[in-house]
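input32.cif follows; it contains mmCIF, C-alpha atoms and all ligand atoms.
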```
data_data
#
loop_
_atom_site.label_atom_id
_atom_site.label_comp_id
_atom_site.auth_asym_id
_atom_site.auth_seq_id
_atom_site.Cartn_x
_atom_site.Cartn_y
_atom_site.Cartn_z
CA MET A 1 32.55 38.02 -57.14
CA HIS A 2 31.94 35.53 -59.93
CA VAL A 3 35.03 33.51 -60.96
CA VAL A 4 34.80 31.51 -64.18
CA VAL A 5 37.31 28.65 -64.51
CA VAL A 6 37.91 27.34 -68.05
CA GLY A 7 38.91 23.65 -68.13
CA GLY A 8 38.23 20.41 -66.32
CA GLY A 9 41.77 19.16 -65.77
CA ILE A 10 44.31 19.20 -62.97
CA GLY A 11 44.83 22.98 -62.90
CA ALA A 12 41.15 23.91 -63.22
CA LEU A 13 40.02 21.44 -60.55
CA THR A 14 42.74 22.50 -58.12
CA ALA A 15 41.75 26.16 -58.52
CA ALA A 16 38.00 25.50 -58.36
CA ARG A 17 38.25 23.50 -55.14
CA PHE A 18 40.70 26.00 -53.60
CA LEU A 19 38.37 28.91 -54.30
CA SER A 20 35.20 27.10 -53.29
CA ASN A 21 36.88 26.04 -50.02
CA GLU A 22 37.08 29.71 -49.14
CA LYS A 23 33.33 29.62 -48.43
CA LYS A 24 32.97 33.38 -48.87
CA ASP A 25 29.38 34.53 -49.31
CA ASP A 26 30.29 36.89 -52.13
CA LEU A 27 32.32 34.25 -54.04
CA ARG A 28 30.71 32.13 -56.75
CA VAL A 29 32.72 29.79 -58.99
CA THR A 30 31.67 28.32 -62.36
CA LEU A 31 33.74 25.52 -63.91
CA ILE A 32 33.36 25.10 -67.69
CA SER A 33 34.60 21.92 -69.35
CA PRO A 34 33.53 20.07 -72.50
CA ARG A 35 33.85 16.70 -70.71
CA ASP A 36 31.76 15.64 -67.75
CA TYR A 37 34.74 14.06 -65.98
CA VAL A 38 38.30 14.83 -64.90
CA GLU A 39 41.07 12.46 -65.93
CA TYR A 40 44.49 11.98 -64.37
CA ILE A 41 46.27 12.26 -67.72
CA PRO A 42 49.55 10.53 -66.76
CA SER A 43 47.49 7.30 -66.47
CA ALA A 44 46.29 7.55 -70.08
CA LEU A 45 49.19 5.43 -71.32
CA GLN A 46 48.27 2.53 -69.06
CA CYS A 47 44.65 2.96 -70.16
CA MET A 48 45.73 2.48 -73.79
CA VAL A 49 46.64 -1.15 -73.01
CA ASP A 50 44.04 -1.57 -70.25
CA PRO A 51 40.93 0.54 -71.02
CA TRP A 52 39.23 -0.52 -67.76
CA HIS A 53 41.89 1.37 -65.82
CA VAL A 54 39.93 4.52 -66.76
CA ASP A 55 37.62 3.77 -63.84
CA LYS A 56 40.59 4.36 -61.51
CA SER A 57 42.00 7.44 -63.24
CA THR A 58 38.81 9.51 -63.71
CA ALA A 59 36.14 11.15 -61.58
CA VAL A 60 32.75 12.48 -62.68
CA LEU A 61 32.71 16.28 -62.33
CA GLU A 62 29.14 16.51 -60.97
CA ASP A 63 30.23 14.23 -58.10
CA VAL A 64 33.37 16.28 -57.49
CA VAL A 65 31.38 19.52 -57.46
CA ARG A 66 28.89 17.99 -55.00
CA ARG A 67 31.73 17.10 -52.63
CA CYS A 68 33.22 20.63 -52.77
CA LYS A 69 32.15 23.21 -50.25
CA GLY A 70 31.05 26.71 -51.27
CA ARG A 71 29.19 27.89 -54.36
CA LEU A 72 30.65 25.87 -57.23
CA GLU A 73 28.70 25.13 -60.40
CA PHE A 74 29.72 22.90 -63.31
CA VAL A 75 28.73 23.78 -66.89
CA GLN A 76 29.47 21.16 -69.55
CA ASP A 77 30.40 23.24 -72.58
CA GLN A 78 33.35 24.55 -74.57
CA VAL A 79 34.63 28.13 -74.47
CA ILE A 80 34.94 29.50 -78.01
CA GLY A 81 35.62 33.16 -77.30
CA ILE A 82 36.42 35.74 -74.62
CA ASP A 83 35.19 39.27 -74.91
CA ASP A 84 34.58 42.21 -72.63
CA GLY A 85 33.93 40.44 -69.31
CA LYS A 86 32.21 37.37 -70.69
CA VAL A 87 33.03 34.01 -72.23
CA SER A 88 31.11 32.67 -75.23
CA LEU A 89 30.23 28.99 -75.26
CA ARG A 90 29.75 26.53 -78.14
CA SER A 91 26.07 26.24 -77.13
CA ASN A 92 25.58 29.92 -78.08
CA ARG A 93 25.40 30.98 -74.46
CA ASP A 94 27.51 33.70 -72.80
CA ILE A 95 28.66 33.69 -69.17
CA ALA A 96 29.79 36.93 -67.53
CA TYR A 97 32.73 36.94 -65.12
CA ASP A 98 34.42 39.26 -62.65
CA CYS A 99 37.58 37.14 -62.75
CA LEU A 100 38.52 34.55 -65.37
CA LEU A 101 40.97 31.70 -64.83
CA ILE A 102 42.02 29.82 -67.97
CA ALA A 103 43.31 26.26 -67.51
CA SER A 104 42.60 24.77 -70.93
CA GLY A 105 45.83 22.74 -71.17
CA THR A 106 47.40 21.03 -74.16
CA THR A 107 45.96 18.33 -76.41
CA TYR A 108 47.73 15.29 -77.85
CA ASP A 109 46.17 13.04 -80.47
CA SER A 110 43.43 10.67 -79.30
CA PRO A 111 43.55 8.29 -77.52
CA ILE A 112 46.39 9.82 -75.47
CA HIS A 113 44.01 12.67 -74.85
CA ALA A 114 40.30 12.09 -74.64
CA GLY A 115 37.96 12.69 -77.54
CA GLY A 116 34.95 11.33 -75.64
CA LYS A 117 32.77 13.61 -73.53
CA THR A 118 31.80 11.01 -70.92
CA VAL A 119 33.74 8.27 -69.11
CA ASP A 120 31.89 5.64 -71.19
CA GLU A 121 32.83 7.38 -74.44
CA ARG A 122 36.44 7.62 -73.21
CA LYS A 123 36.43 3.89 -72.45
CA ALA A 124 34.96 3.12 -75.87
CA GLU A 125 37.69 5.06 -77.72
CA LEU A 126 40.39 3.31 -75.68
CA GLU A 127 38.81 -0.09 -76.40
CA GLU A 128 38.72 0.73 -80.11
CA PHE A 129 42.42 1.63 -79.97
CA LYS A 130 43.16 -1.61 -78.09
CA VAL A 131 41.54 -3.65 -80.87
CA ARG A 132 43.92 -2.00 -83.39
CA LEU A 133 46.82 -2.63 -81.03
CA ASP A 134 45.83 -6.31 -80.58
CA LYS A 135 45.90 -6.81 -84.34
CA SER A 136 49.25 -5.07 -84.96
CA GLU A 137 52.42 -7.12 -85.19
CA HIS A 138 54.82 -4.20 -85.45
CA VAL A 139 54.10 -1.08 -83.38
CA MET A 140 56.19 2.06 -83.73
CA ILE A 141 56.10 4.83 -81.12
CA ALA A 142 57.62 8.18 -82.03
CA GLY A 143 58.87 10.43 -79.21
CA GLY A 144 61.75 9.98 -76.80
CA GLY A 145 60.17 11.89 -73.90
CA ILE A 146 58.31 10.41 -70.93
CA THR A 147 55.12 9.82 -72.93
CA GLY A 148 56.82 7.78 -75.68
CA VAL A 149 58.94 5.85 -73.19
CA GLU A 150 56.06 4.96 -70.88
CA LEU A 151 53.81 3.92 -73.76
CA ALA A 152 56.49 1.72 -75.36
CA ALA A 153 57.04 0.02 -71.98
CA GLU A 154 53.29 -0.52 -71.42
CA ILE A 155 52.94 -2.10 -74.85
CA ARG A 156 55.99 -4.32 -74.39
CA GLN A 157 54.81 -5.49 -70.99
CA THR A 158 51.32 -6.36 -72.25
CA TYR A 159 52.34 -7.88 -75.59
CA LYS A 160 55.47 -9.99 -75.21
CA ASP A 161 55.55 -11.15 -78.87
CA LYS A 162 55.01 -7.90 -80.76
CA GLU A 163 57.81 -6.05 -82.47
CA VAL A 164 58.06 -2.68 -80.69
CA THR A 165 60.19 0.19 -82.03
CA LEU A 166 60.71 3.52 -80.29
CA VAL A 167 62.04 6.39 -82.42
CA ALA A 168 63.53 9.49 -80.77
CA ARG A 169 64.66 12.66 -82.43
CA SER A 170 67.10 13.33 -79.58
CA THR A 171 70.38 11.50 -79.02
CA GLY A 172 68.90 9.55 -76.09
CA LEU A 173 65.66 8.88 -74.17
CA ILE A 174 64.13 11.16 -71.48
CA LEU A 175 67.25 13.34 -71.56
CA ASP A 176 65.49 16.03 -69.46
CA CYS A 177 65.44 13.59 -66.54
CA GLY A 178 69.23 13.23 -66.47
CA ALA A 179 71.82 10.66 -67.56
CA LYS A 180 71.03 8.08 -64.85
CA ALA A 181 67.34 7.91 -65.73
CA SER A 182 68.10 7.87 -69.45
CA GLY A 183 70.61 5.03 -69.02
CA TYR A 184 68.19 3.02 -66.85
CA VAL A 185 65.40 3.29 -69.38
CA GLU A 186 67.64 2.35 -72.33
CA LYS A 187 68.89 -0.71 -70.44
CA TRP A 188 65.28 -1.75 -69.70
CA PHE A 189 64.40 -1.52 -73.39
CA ARG A 190 67.46 -3.56 -74.40
CA LYS A 191 66.53 -6.24 -71.87
CA HIS A 192 62.90 -6.30 -73.02
CA ARG A 193 63.67 -6.35 -76.76
CA VAL A 194 62.34 -2.90 -77.67
CA ARG A 195 64.31 -1.49 -80.58
CA VAL A 196 65.32 2.10 -79.84
CA ILE A 197 66.34 4.34 -82.76
CA THR A 198 67.70 7.71 -81.62
CA ASN A 199 68.66 10.82 -83.57
CA ALA A 200 65.95 10.03 -86.10
CA LYS A 201 62.75 11.53 -87.45
CA ALA A 202 59.85 9.36 -88.59
CA MET A 203 57.25 10.03 -91.28
CA PRO A 204 54.44 7.48 -91.76
CA ALA A 205 53.13 6.95 -95.31
CA SER A 206 49.67 5.77 -96.41
CA ASP A 207 51.10 2.39 -97.62
CA GLY A 208 51.88 1.33 -94.02
CA THR A 209 55.57 2.13 -94.17
CA VAL A 210 57.48 4.64 -92.07
CA GLN A 211 60.40 6.51 -93.54
CA LEU A 212 63.15 7.35 -91.07
CA TRP A 213 65.78 9.98 -91.65
CA SER A 214 68.68 11.33 -89.65
CA ALA A 215 67.73 14.24 -87.38
CA ASP A 216 71.25 15.66 -87.93
CA SER A 217 71.96 15.32 -91.62
CA GLY A 218 68.41 14.97 -92.96
CA GLU A 219 69.46 11.88 -94.99
CA ASP A 220 67.10 8.93 -95.38
CA THR A 221 68.22 6.03 -93.22
CA GLU A 222 65.60 3.22 -93.25
CA LYS A 223 62.07 2.43 -94.38
CA LEU A 224 60.16 0.09 -92.06
CA LYS A 225 56.84 -1.74 -92.46
CA VAL A 226 54.70 -0.82 -89.46
CA ASP A 227 51.13 -1.89 -88.53
CA LEU A 228 50.53 0.90 -86.01
CA PHE A 229 52.33 4.24 -85.71
CA ILE A 230 51.73 6.23 -82.51
CA PRO A 231 53.06 9.81 -82.33
CA CYS A 232 53.85 10.85 -78.76
CA PHE A 233 55.01 14.42 -79.35
CA GLY A 234 53.71 17.79 -80.46
CA GLY A 235 50.95 18.59 -77.95
CA LYS A 236 48.86 21.56 -79.13
CA PRO A 237 47.89 24.30 -76.64
CA ASN A 238 44.10 24.74 -76.39
CA SER A 239 44.12 28.49 -76.99
CA GLN A 240 42.00 28.73 -80.17
CA PHE A 241 39.48 30.92 -78.32
CA MET A 242 42.14 33.58 -77.60
CA ASP A 243 43.12 36.49 -79.80
CA GLU A 244 46.62 35.84 -81.21
CA ARG A 245 48.09 38.95 -79.62
CA TYR A 246 47.86 37.23 -76.20
CA LEU A 247 49.80 34.14 -77.31
CA ASP A 248 53.49 33.27 -77.52
CA ARG A 249 55.17 31.55 -80.50
CA ARG A 250 54.03 28.13 -79.27
CA GLY A 251 50.41 29.22 -78.88
CA ARG A 252 50.49 29.42 -75.07
CA ILE A 253 48.93 32.36 -73.23
CA VAL A 254 51.48 34.96 -72.17
CA VAL A 255 51.30 35.64 -68.42
CA GLY A 256 53.31 37.73 -65.99
CA THR A 257 54.82 36.27 -62.82
CA ASP A 258 51.53 36.91 -60.98
CA LEU A 259 49.86 34.67 -63.64
CA ARG A 260 47.70 37.46 -65.06
CA VAL A 261 47.35 37.43 -68.83
CA GLU A 262 49.39 40.28 -70.23
CA GLY A 263 47.29 43.00 -71.88
CA MET A 264 43.89 41.69 -70.73
CA GLY A 265 43.10 44.25 -68.08
CA GLY A 266 44.15 42.56 -64.83
CA SER A 267 41.31 40.16 -64.02
CA VAL A 268 42.18 37.30 -66.41
CA PHE A 269 44.62 34.59 -65.26
CA ALA A 270 46.11 31.57 -67.05
CA ILE A 271 47.63 28.52 -65.35
CA GLY A 272 48.96 25.03 -66.04
CA ASP A 273 50.13 23.85 -69.47
CA ILE A 274 48.43 26.72 -71.29
CA ALA A 275 50.42 29.43 -69.44
CA SER A 276 53.65 30.64 -71.04
CA ILE A 277 55.71 30.28 -67.83
CA SER A 278 54.42 26.86 -66.90
CA GLY A 279 56.51 23.74 -67.29
CA GLY A 280 54.24 21.02 -68.70
CA HIS A 281 53.97 18.98 -65.48
CA ALA A 282 51.01 18.15 -63.28
CA LEU A 283 52.74 19.77 -60.32
CA PHE A 284 53.13 23.08 -62.17
CA ALA A 285 49.43 23.02 -63.03
CA GLU A 286 48.63 22.51 -59.39
CA LYS A 287 51.03 25.12 -58.03
CA THR A 288 50.07 27.78 -60.60
CA ALA A 289 46.42 27.05 -59.73
CA GLU A 290 47.05 27.75 -56.07
CA VAL A 291 49.01 30.97 -56.72
CA ALA A 292 46.43 32.28 -59.22
CA SER A 293 43.55 31.42 -56.86
CA ARG A 294 45.24 33.29 -54.01
CA ASN A 295 45.81 36.22 -56.36
CA ILE A 296 42.13 36.27 -57.32
CA LEU A 297 41.25 36.56 -53.63
CA ASN A 298 43.99 39.19 -53.15
CA LEU A 299 42.64 41.18 -56.09
CA ASN A 300 39.20 41.18 -54.52
CA GLN A 301 40.63 42.43 -51.21
CA ASN A 302 43.07 44.95 -52.76
CA LYS A 303 46.04 43.00 -51.43
CA PRO A 304 49.39 42.68 -53.28
CA MET A 305 49.80 39.91 -55.85
CA LEU A 306 51.92 36.80 -55.18
CA LYS A 307 54.50 35.84 -57.77
CA TYR A 308 55.00 32.37 -59.20
CA PRO A 309 57.09 30.38 -58.47
CA ILE A 310 59.60 31.85 -56.06
CA SER A 311 57.86 34.08 -53.56
CA ALA A 312 54.75 31.99 -52.92
CA TYR A 313 56.30 28.60 -52.21
CA LYS A 314 60.07 29.13 -52.23
CA VAL A 315 60.18 26.25 -54.67
CA PRO A 316 61.95 27.04 -57.92
CA TYR A 317 60.15 25.00 -60.51
CA GLU A 318 63.30 23.18 -61.65
CA LEU A 319 63.22 21.26 -58.38
CA THR A 320 60.36 18.93 -59.04
CA ALA A 321 60.32 15.18 -58.76
CA THR A 322 59.59 13.10 -61.86
CA ALA A 323 58.33 9.52 -61.90
CA VAL A 324 58.68 7.42 -65.06
CA SER A 325 56.97 4.02 -65.19
CA LEU A 326 58.26 1.06 -67.20
CA GLY A 327 55.17 -1.12 -67.23
CA LYS A 328 53.43 -2.00 -63.97
CA TRP A 329 56.40 -3.31 -62.02
CA ASP A 330 59.41 -1.17 -62.90
CA GLY A 331 60.30 2.48 -63.30
CA ILE A 332 62.50 5.28 -62.11
CA VAL A 333 61.75 8.21 -59.83
CA ILE A 334 64.05 11.21 -60.00
CA MET A 335 63.94 13.20 -56.81
CA GLY A 336 66.62 15.85 -57.06
CA PRO A 337 69.94 13.97 -57.21
CA LEU A 338 68.45 10.76 -55.83
CA PRO A 339 67.07 8.29 -58.40
CA ILE A 340 64.96 5.41 -57.08
CA SER A 341 64.44 2.56 -59.51
CA GLY A 342 62.76 -0.84 -59.89
CA LEU A 343 59.72 -2.09 -58.01
CA LEU A 344 59.88 0.69 -55.39
CA ALA A 345 59.74 3.34 -58.14
CA ALA A 346 56.77 1.58 -59.75
CA GLY A 347 55.04 1.49 -56.35
CA ILE A 348 55.67 5.22 -55.86
CA LYS A 349 54.16 5.97 -59.29
CA HIS A 350 51.03 3.89 -58.51
CA PHE A 351 50.73 5.58 -55.14
CA ILE A 352 51.01 9.07 -56.68
CA GLU A 353 48.22 8.18 -59.12
CA TRP A 354 45.96 6.88 -56.38
CA ALA A 355 46.63 9.84 -54.05
CA PHE A 356 46.24 12.41 -56.83
CA VAL A 357 42.92 10.99 -58.03
CA GLN A 358 41.68 11.01 -54.41
CA PHE A 359 42.76 14.66 -54.17
CA LEU A 360 41.32 15.71 -57.54
CA SER A 361 37.99 14.04 -56.85
CA VAL A 362 37.76 15.62 -53.38
CA LYS A 363 37.51 12.24 -51.67
CA ARG A 364 38.04 11.73 -47.94
CA LEU A 365 41.64 10.48 -48.33
CA GLY A 366 42.64 13.31 -50.68
CA PHE A 367 44.53 15.01 -47.83
CA ILE A 368 47.22 12.29 -48.13
CA TYR A 369 48.35 13.81 -51.43
CA GLY A 370 48.90 17.17 -49.71
CA ILE A 371 51.03 15.49 -47.02
CA VAL A 372 53.13 13.62 -49.62
CA LEU A 373 53.76 16.84 -51.52
CA GLY A 374 54.52 18.73 -48.32
CA VAL A 375 57.25 16.20 -47.50
CA THR A 376 58.60 15.57 -51.03
CA LEU A 377 59.27 19.12 -52.23
CA PRO A 378 61.30 20.29 -49.21
CA THR A 379 63.22 16.97 -49.31
CA VAL A 380 64.07 17.45 -52.98
CA ARG A 381 65.14 21.01 -52.27
CA LEU A 382 67.31 19.90 -49.35
CA LEU A 383 68.94 17.11 -51.35
CA ASP A 384 69.67 19.48 -54.19
CA LYS A 385 71.17 22.01 -51.79
CA LEU A 386 73.37 19.37 -50.13
CA THR A 387 74.69 18.14 -53.45
CA GLY A 388 75.07 21.61 -54.97
CA ASN A 389 72.46 20.89 -57.64
CA ALA A 390 70.11 23.72 -56.72
CA PRO A 391 69.80 26.51 -59.29
CA SER A 392 70.72 29.95 -58.02
CA THR A 393 67.21 31.44 -58.51
C1 LIG B 401 50.52 11.07 -71.75
C2 LIG B 401 50.92 12.09 -70.72
C3 LIG B 401 51.59 11.68 -69.60
C4 LIG B 401 51.96 12.61 -68.63
N1 LIG B 401 52.64 12.19 -67.51
C5 LIG B 401 52.95 13.08 -66.57
C6 LIG B 401 53.61 12.65 -65.37
O1 LIG B 401 53.93 11.47 -65.19
N2 LIG B 401 53.86 13.59 -64.41
C7 LIG B 401 53.52 14.91 -64.59
O2 LIG B 401 53.77 15.71 -63.69
N3 LIG B 401 52.90 15.33 -65.70
C8 LIG B 401 52.62 14.46 -66.69
N4 LIG B 401 51.99 14.89 -67.83
C9 LIG B 401 51.66 16.32 -67.96
C10 LIG B 401 50.39 16.65 -67.17
O3 LIG B 401 49.37 15.73 -67.45
C11 LIG B 401 49.95 18.05 -67.56
O4 LIG B 401 51.01 18.94 -67.28
C12 LIG B 401 48.71 18.49 -66.76
O5 LIG B 401 47.63 17.64 -67.05
C13 LIG B 401 48.36 19.93 -67.12
O6 LIG B 401 47.19 20.28 -66.45
P1 LIG B 401 46.25 21.44 -67.02
O7 LIG B 401 45.14 21.60 -66.04
O8 LIG B 401 47.07 22.62 -67.38
O9 LIG B 401 45.68 20.88 -68.39
P2 LIG B 401 44.84 19.55 -68.66
O10 LIG B 401 44.98 18.58 -67.54
O11 LIG B 401 45.24 19.15 -70.04
O12 LIG B 401 43.34 20.04 -68.66
C14 LIG B 401 42.85 20.92 -69.65
C15 LIG B 401 41.35 20.93 -69.55
O13 LIG B 401 40.82 22.00 -70.30
C16 LIG B 401 39.71 21.54 -71.06
N5 LIG B 401 39.54 22.42 -72.21
C17 LIG B 401 40.31 22.51 -73.32
N6 LIG B 401 39.84 23.45 -74.14
C18 LIG B 401 38.74 23.98 -73.54
C19 LIG B 401 37.81 24.98 -73.91
N7 LIG B 401 37.90 25.66 -75.06
N8 LIG B 401 36.78 25.25 -73.06
C20 LIG B 401 36.68 24.60 -71.87
N9 LIG B 401 37.54 23.65 -71.48
C21 LIG B 401 38.56 23.33 -72.31
C22 LIG B 401 40.11 20.12 -71.41
O14 LIG B 401 38.98 19.35 -71.79
C23 LIG B 401 40.70 19.66 -70.09
O15 LIG B 401 39.69 19.27 -69.20
C24 LIG B 401 51.63 13.98 -68.82
C25 LIG B 401 50.94 14.39 -69.97
C26 LIG B 401 50.60 13.46 -70.92
C27 LIG B 401 49.86 13.89 -72.17
#
```
Take the structure I supplied and represent it as structure tokens, if you would.
Ligand SMILES: Cc1cc2nc3c(=O)[nH]c(=O)nc-3n(C[C@H](O)[C@H](O)[C@H](O)COP(=O)(O)OP(=O)(O)OC[C@H]3O[C@@H](n4cnc5c(N)ncnc54)[C@H](O)[C@@H]3O)c2cc1C
Amino acid sequence: MHVVVVGGGIGALTAARFLSNEKKDDLRVTLISPRDYVEYIPSALQCMVDPWHVDKSTAVLEDVVRRCKGRLEFVQDQVIGIDDGKVSLRSNRDIAYDCLLIASGTTYDSPIHAGGKTVDERKAELEEFKVRLDKSEHVMIAGGGITGVELAAEIRQTYKDKEVTLVARSTGLILDCGAKASGYVEKWFRKHRVRVITNAKAMPASDGTVQLWSADSGEDTEKLKVDLFIPCFGGKPNSQFMDERYLDRRGRIVVGTDLRVEGMGGSVFAIGDIASISGGHALFAEKTAEVASRNILNLNQNKPMLKYPISAYKVPYELTATAVSLGKWDGIVIMGPLPISGLLAAGIKHFIEWAFVQFLSVKRLGFIYGIVLGVTLPTVRLLDKLTGNAPST
């Protein structure tokens, strides 16, 4: 069986190494990605103020493939179409598949997401951004989710004298993470002189000003002079190569609970950020990758399909831990009902990055990540059960 995996991110790599670990003689895996490296995307925000950090948050795919067991091949290219058992590549080549696993993710504007095709090109684009950042006196970040919050904190920590403004459309910051986390983050910004404007929309103009208006009433509120405006919202699903009938309203690929793409004949799967039931977190990408990979093997052996997320892992996807960094030395980790904050939270975030990159790049110590996850998820579930937080799914 020939499995083609589209993507070179967290989901694709997890699936490719899972399948190639099977070491079955009749199983061949091809990984197709336009970049020759995998990046731990949550570290991108730190890389925007410290481009050299890219060396710690990336791994070259040829090296990863070499360290994997089994028959795994890497093709550096971009999928531009899918048709009748084959994918078409930008280089005018077609690759036939027996099973297809799509993990093409979501793209934010560069430099949050990479434009460059090699680690050196990635570093160069981050350095170029850093030069613009160095020269800017007033930086405005738009987006009150984790990305906007973490980036504003990185910039404040690195540049003590710049004016930093964070604009959020919502009534508070990181509201999805709960009131405690939101309150902690807002306090940190007050203490570190970051101006937070909530309930507002921002529109940059070509004259270097940004018009703000109320998200509720739509009335203009303020016009600010800004040297650098960084949008941290509106990621676009990478599904341009799919026929529209397979996509939901947001452009994500519609899958059933077994992660098969609806209407595509049973041998095409989608996982991670691009899948309609996924949740936009690294952990979802990883877990959907494992379930879809098992289902590919099950399909080959005529076994029943697993369903995501309940039956395979007994982990409803609401119960995942989130770690938010506030610069290098502070942050908050939300593990079920138990928030951990300050230096310990920052340490946990650094550790997760290190362990995840080890895991993604198939290094010797990668097993540590599996152990951490194996302990964390049941703990979160237990804490949620004890405090009555667990959803009834
Ligand atoms: C700034 C930022 C911070 C984040 N922080 C966190 C965090 O702290 N914790 C957390 O859990 N999650 C975080 N996330 C979310 C997390 O990074 C994503 O959920 C995760 O990366 C999704 O993995 P994926 O494999 O689905 O997609 P991605 O990791 O985005 O990988 C997609 C891959 O597909 C490739 N690709 C795209 N189009 C094609 C094509 N046509 N052909 C071939 N390949 C293609 C891309 O080049 C890329 O390699 C963050 C995201 C961002 C943007």
Show me, as a ChimeraX atom specification, the residues that have an atom within 9 Å of range 171-177 of chain A when counting only C-alpha atoms, minus same-chain residues fewer than 6 positions from it. /A:143-146,149,183,185-186,196-200,322,334
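For the residues A:Gly116, A:Pro34, A:Pro51, A:Pro204, ranking by smallest atom-to-atom distance to Asp77 in chain A using all atoms listed in the file places A:Pro34 first.
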Neighbours of ligand LIG 401 (chain B) at 7 Å or closer, counting all atoms listed in the file: which residues, as a PyMOL selection string? chain A and resi 6-12+32-35+38+40-45+77-80+103-108+112-113+146-147+238+241+271-274+280-285+322-324
Could the residues in this selection be saved with C-alpha atoms as an mmCIF file, in the coordinates of the input?
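Saved result, out_26.cif, follows:
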```cif
data_model
loop_
_atom_site.group_PDB
_atom_site.id
_atom_site.type_symbol
_atom_site.label_atom_id
_atom_site.label_comp_id
_atom_site.auth_asym_id
_atom_site.auth_seq_id
_atom_site.Cartn_x
_atom_site.Cartn_y
_atom_site.Cartn_z
ATOM 1 C CA VAL A 6 37.910 27.340 -68.050
ATOM 2 C CA GLY A 7 38.910 23.650 -68.130
ATOM 3 C CA GLY A 8 38.230 20.410 -66.320
ATOM 4 C CA GLY A 9 41.770 19.160 -65.770
ATOM 5 C CA ILE A 10 44.310 19.200 -62.970
ATOM 6 C CA GLY A 11 44.830 22.980 -62.900
ATOM 7 C CA ALA A 12 41.150 23.910 -63.220
ATOM 8 C CA ILE A 32 33.360 25.100 -67.690
ATOM 9 C CA SER A 33 34.600 21.920 -69.350
ATOM 10 C CA PRO A 34 33.530 20.070 -72.500
ATOM 11 C CA ARG A 35 33.850 16.700 -70.710
ATOM 12 C CA VAL A 38 38.300 14.830 -64.900
ATOM 13 C CA TYR A 40 44.490 11.980 -64.370
ATOM 14 C CA ILE A 41 46.270 12.260 -67.720
ATOM 15 C CA PRO A 42 49.550 10.530 -66.760
ATOM 16 C CA SER A 43 47.490 7.300 -66.470
ATOM 17 C CA ALA A 44 46.290 7.550 -70.080
ATOM 18 C CA LEU A 45 49.190 5.430 -71.320
ATOM 19 C CA ASP A 77 30.400 23.240 -72.580
ATOM 20 C CA GLN A 78 33.350 24.550 -74.570
ATOM 21 C CA VAL A 79 34.630 28.130 -74.470
ATOM 22 C CA ILE A 80 34.940 29.500 -78.010
ATOM 23 C CA ALA A 103 43.310 26.260 -67.510
ATOM 24 C CA SER A 104 42.600 24.770 -70.930
ATOM 25 C CA GLY A 105 45.830 22.740 -71.170
ATOM 26 C CA THR A 106 47.400 21.030 -74.160
ATOM 27 C CA THR A 107 45.960 18.330 -76.410
ATOM 28 C CA TYR A 108 47.730 15.290 -77.850
ATOM 29 C CA ILE A 112 46.390 9.820 -75.470
ATOM 30 C CA HIS A 113 44.010 12.670 -74.850
ATOM 31 C CA ILE A 146 58.310 10.410 -70.930
ATOM 32 C CA THR A 147 55.120 9.820 -72.930
ATOM 33 C CA ASN A 238 44.100 24.740 -76.390
ATOM 34 C CA PHE A 241 39.480 30.920 -78.320
ATOM 35 C CA ILE A 271 47.630 28.520 -65.350
ATOM 36 C CA GLY A 272 48.960 25.030 -66.040
ATOM 37 C CA ASP A 273 50.130 23.850 -69.470
ATOM 38 C CA ILE A 274 48.430 26.720 -71.290
ATOM 39 C CA GLY A 280 54.240 21.020 -68.700
ATOM 40 C CA HIS A 281 53.970 18.980 -65.480
ATOM 41 C CA ALA A 282 51.010 18.150 -63.280
ATOM 42 C CA LEU A 283 52.740 19.770 -60.320
ATOM 43 C CA PHE A 284 53.130 23.080 -62.170
ATOM 44 C CA ALA A 285 49.430 23.020 -63.030
ATOM 45 C CA THR A 322 59.590 13.100 -61.860
ATOM 46 C CA ALA A 323 58.330 9.520 -61.900
ATOM 47 C CA VAL A 324 58.680 7.420 -65.060
#
```
What is the CA of Ser217 in chain A to CA of Ile230 in chain A distance in Å? 24.0 Å
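Using all atoms listed in the file, the smallest distance between any of A:Thr30, A:Thr379, A:Ser57, A:Gln46 and Arg71 in chain A comes from A:Thr30.
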At a cut-off of 12 Å from (53.2, 12.4, -88.5) in the coordinates of the file, what residues are picked up using only C-alpha atoms, written as number ranges by chain? A: 109, 140-143, 201-206, 209-212, 229-234
Contacts of range 151-153 of chain A at 8 Å (all atoms listed in the file; same-chain gap of 6+ positions) as a VMD selection string: chain A and resid 45 to 46 141 164 to 166 189 194 325 to 327
Contact residues around range 352-355 of chain A with only C-alpha atoms at 12 Å, ignoring same-chain residues under 2 positions, as a PyMOL selection string: chain A and resi 39-44+46+53-59+282-283+321-325+333+345-350+357-373+376
Given all atoms listed in the file as the counted atoms, nearest of A:Asp50, A:Asp248, A:Asp207, A:Glu286 to Glu125 in chain A: A:Asp50
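For the atom pair formed by CA of Val226 in chain A and CA of Ala181 in chain A, the distance is 28.3 Å, given to one decimal.
Take the candidates A:Met242, A:Met1, A:Leu89, A:Leu299 and check each one against Gly266 in chain A using only C-alpha atoms; the shortest distance goes to A:Leu299.
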For range 304-308 of chain A, work out the shell of residues within 8 Å, counting all atoms listed in the file and skipping chain neighbours fewer than 4 positions away, then give it as a ChimeraX atom specification. /A:257-259,288,291,294-295,298-299,312
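Shown here are all protein and nucleic acid residues lying within 8 Å of (34.8, 31.5, -53.4), with only C-alpha atoms considered: Met1, Val3, Leu19, Ser20, Asn21, Glu22, Lys23, Lys24, Asp25, Asp26, Leu27, Arg28, Val29, Gly70, Arg71 and Leu72 of chain A.
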